[in-house]
Amino acid sequence: MAGVELIAVDADEDGMRVDRWFKAHYPGLGFGALQKLLRSGQVRVDGGRVKSETRLKSGQNVRVPPMKADAAGRGGAMTAYSMRNTGDAEALGKMTLFEDAKVLVINKPPGLSVQGGSNVHRHVDGMLEALRNKKGEKPRLVHRLDRDTSGVLMIAKSRGAAQKLAEAFRARDTQKTYWALVKGTPPKAEGTIKSWLLKEQTPDGDRMAVVRHGVKGAVQAISNYRLVEKAGQRLSWLELEPYTGRTHQLRVHCLQMGCPIIGDPKYFDDDVNWDFPGGIQKKLHLHAHSLKIPHPSGGWINVTAPMPQHMVQSWNLLGLDEASAAET
């Protein structure tokens with residue numbers, strides 16, 4: 001039996017409900033057991049009784065009554081922390097581009113899903129279990145990348161950081177830049193693509209289709225593009241900036257321009273009848289190259305991710321120079 005604890009509410013926990021605070025700190029404490037502690041006044045905040053929906057404020061002290069560590073789960077969280085999957089922790093460490101007390105930024109490799117799904121056994125969200133802190137708090141995803149898209153992925157290390165980063169994405173107070181190798185050349189050297197997209201179910205999974213405005217369920221997608229360099233008449237290097245964040249948005253917009261992304265298994269419709277240039281692998285050539293976003297504590301984070309090996313190989317074969325992106 002642990003004794004009475006007085007635990008200060010962190011700044012990142014400001015505004016959190018009491019029941020959610022207990023779930024984060026004592027994951028083994030059931031809802032019914034918590035309600036009993038609240039009703040009997042054994043749980044108090046700054047000496048006063050509270051309810052499960054009471055919102056906490058930074059600096060307040062939560063009185064936690066004596067209870068078994070295994071029932072509360074706090075000891076369990078510590079055990080999980082100390083016995084974490086070091087393989088996943090090491091893998092994430094090798095992917096890390098930037099890290100501080102609030103934020104983790106990784107270079108996600110192609111083929112690794114961000115979240116779980118049908119037939120997905122390993123994904124970033126699951127790997128983040130290996131990085132739970134001593135309070136049992138797990139880092140949180142704040143945006144997504146397609147499984148076959150590589151590059152910059154932002155992760156919040158606390159609840160408060162997640163709220164601020166998610167708000168920055170919602171307010172579009174970010175600058176996201178992608179690099180893509182596409183078939184052909186776009187009609188203009190730069191421009192904006194606007195369309196309405198609708199998710200469709202296919203035997204090969206979800207696919208986004210371009211539809212007219214007004215179709216039920218359709219969402220607007222807006223992307224900016226710029227031609228960085230041409231490789232003959234067959235291929236082009238594009239720099240893409242999504243203004244909205246729709247599923248497969250950049251992949252659909254490139255197809256809409258008549259320039260599908262090389263190696264795209266969903267939207268490169270004529271790849272069966274098109275000969276890939278020698279040495280170029282049939283893998284998606286789309287990379288989240290950079291991300292600029294306000295830091296939760298102030299200032300900005302500006303991170304760039306190196307391309308995956310199959311894209312480096314293609315750039316070398318085609319004689320494309322990464323410095324060209326800064327020059328054009």
# chains A, B, ... in the order shown; residues from 1 in each chain; ligands from 1
>>> residues_around(residues="A:Thr177", least_positions_apart="3", cutoff="9 Å", atoms="only C-alpha atoms", output="list of chain:residue names")
A:Glu239, A:Leu240, A:Glu241, A:Pro242, A:His287, A:Ala288, A:His289, A:Ser290, A:Leu291, A:Lys292
>>> write_last_selection(atoms="N, CA and C atoms", output="PDB file, in the first residue's frame")
ATOM      1  N   GLU A 239       8.291  20.095 -56.494  1.00  0.00           N
ATOM      2  CA  GLU A 239       8.177  20.465 -55.088  1.00  0.00           C
ATOM      3  C   GLU A 239       6.702  20.764 -54.830  1.00  0.00           C
ATOM      4  N   LEU A 240       6.118  20.119 -53.841  1.00  0.00           N
ATOM      5  CA  LEU A 240       4.686  20.199 -53.589  1.00  0.00           C
ATOM      6  C   LEU A 240       4.421  20.745 -52.194  1.00  0.00           C
ATOM      7  N   GLU A 241       3.411  21.602 -52.082  1.00  0.00           N
ATOM      8  CA  GLU A 241       3.014  22.140 -50.784  1.00  0.00           C
ATOM      9  C   GLU A 241       1.505  21.995 -50.630  1.00  0.00           C
ATOM     10  N   PRO A 242       1.061  21.064 -49.784  1.00  0.00           N
ATOM     11  CA  PRO A 242      -0.378  20.912 -49.566  1.00  0.00           C
ATOM     12  C   PRO A 242      -0.916  22.019 -48.660  1.00  0.00           C
ATOM     13  N   HIS A 287       8.217  12.222 -50.895  1.00  0.00           N
ATOM     14  CA  HIS A 287       8.973  12.388 -49.651  1.00  0.00           C
ATOM     15  C   HIS A 287       8.606  13.707 -48.978  1.00  0.00           C
ATOM     16  N   ALA A 288       8.220  13.637 -47.694  1.00  0.00           N
ATOM     17  CA  ALA A 288       7.955  14.845 -46.901  1.00  0.00           C
ATOM     18  C   ALA A 288       9.298  15.458 -46.538  1.00  0.00           C
ATOM     19  N   HIS A 289       9.734  16.393 -47.361  1.00  0.00           N
ATOM     20  CA  HIS A 289      11.101  16.910 -47.277  1.00  0.00           C
ATOM     21  C   HIS A 289      11.318  17.820 -46.076  1.00  0.00           C
ATOM     22  N   SER A 290      10.363  18.722 -45.795  1.00  0.00           N
ATOM     23  CA  SER A 290      10.585  19.661 -44.703  1.00  0.00           C
ATOM     24  C   SER A 290       9.267  20.087 -44.069  1.00  0.00           C
ATOM     25  N   LEU A 291       9.371  20.560 -42.834  1.00  0.00           N
ATOM     26  CA  LEU A 291       8.212  21.052 -42.088  1.00  0.00           C
ATOM     27  C   LEU A 291       8.647  22.208 -41.202  1.00  0.00           C
ATOM     28  N   LYS A 292       7.914  23.307 -41.318  1.00  0.00           N
ATOM     29  CA  LYS A 292       8.134  24.465 -40.454  1.00  0.00           C
ATOM     30  C   LYS A 292       6.850  24.696 -39.676  1.00  0.00           C
TER      31      LYS A 292
END
>>> residues_around(residues="A:Ile261", least_positions_apart="4", cutoff="12 Å", atoms="only C-alpha atoms", output="PyMOL selection string")
chain A and resi 148-149+178-186+234-240+248-257+265-271+282-287
>>> atom_distance(atom1="atom CA of A:Ile293", atom2="atom CA of A:Arg246")
18.5 Å
>>> closest_residue(among="A:Leu29, A:Met154, A:Gly232, A:Val62", to="A:Leu104", atoms="only C-alpha atoms")
A:Met154
>>> closest_residue(among="A:Ile280, A:Ala221, A:Val45, A:Leu56", to="A:Gly15", atoms="only C-alpha atoms")
A:Leu56
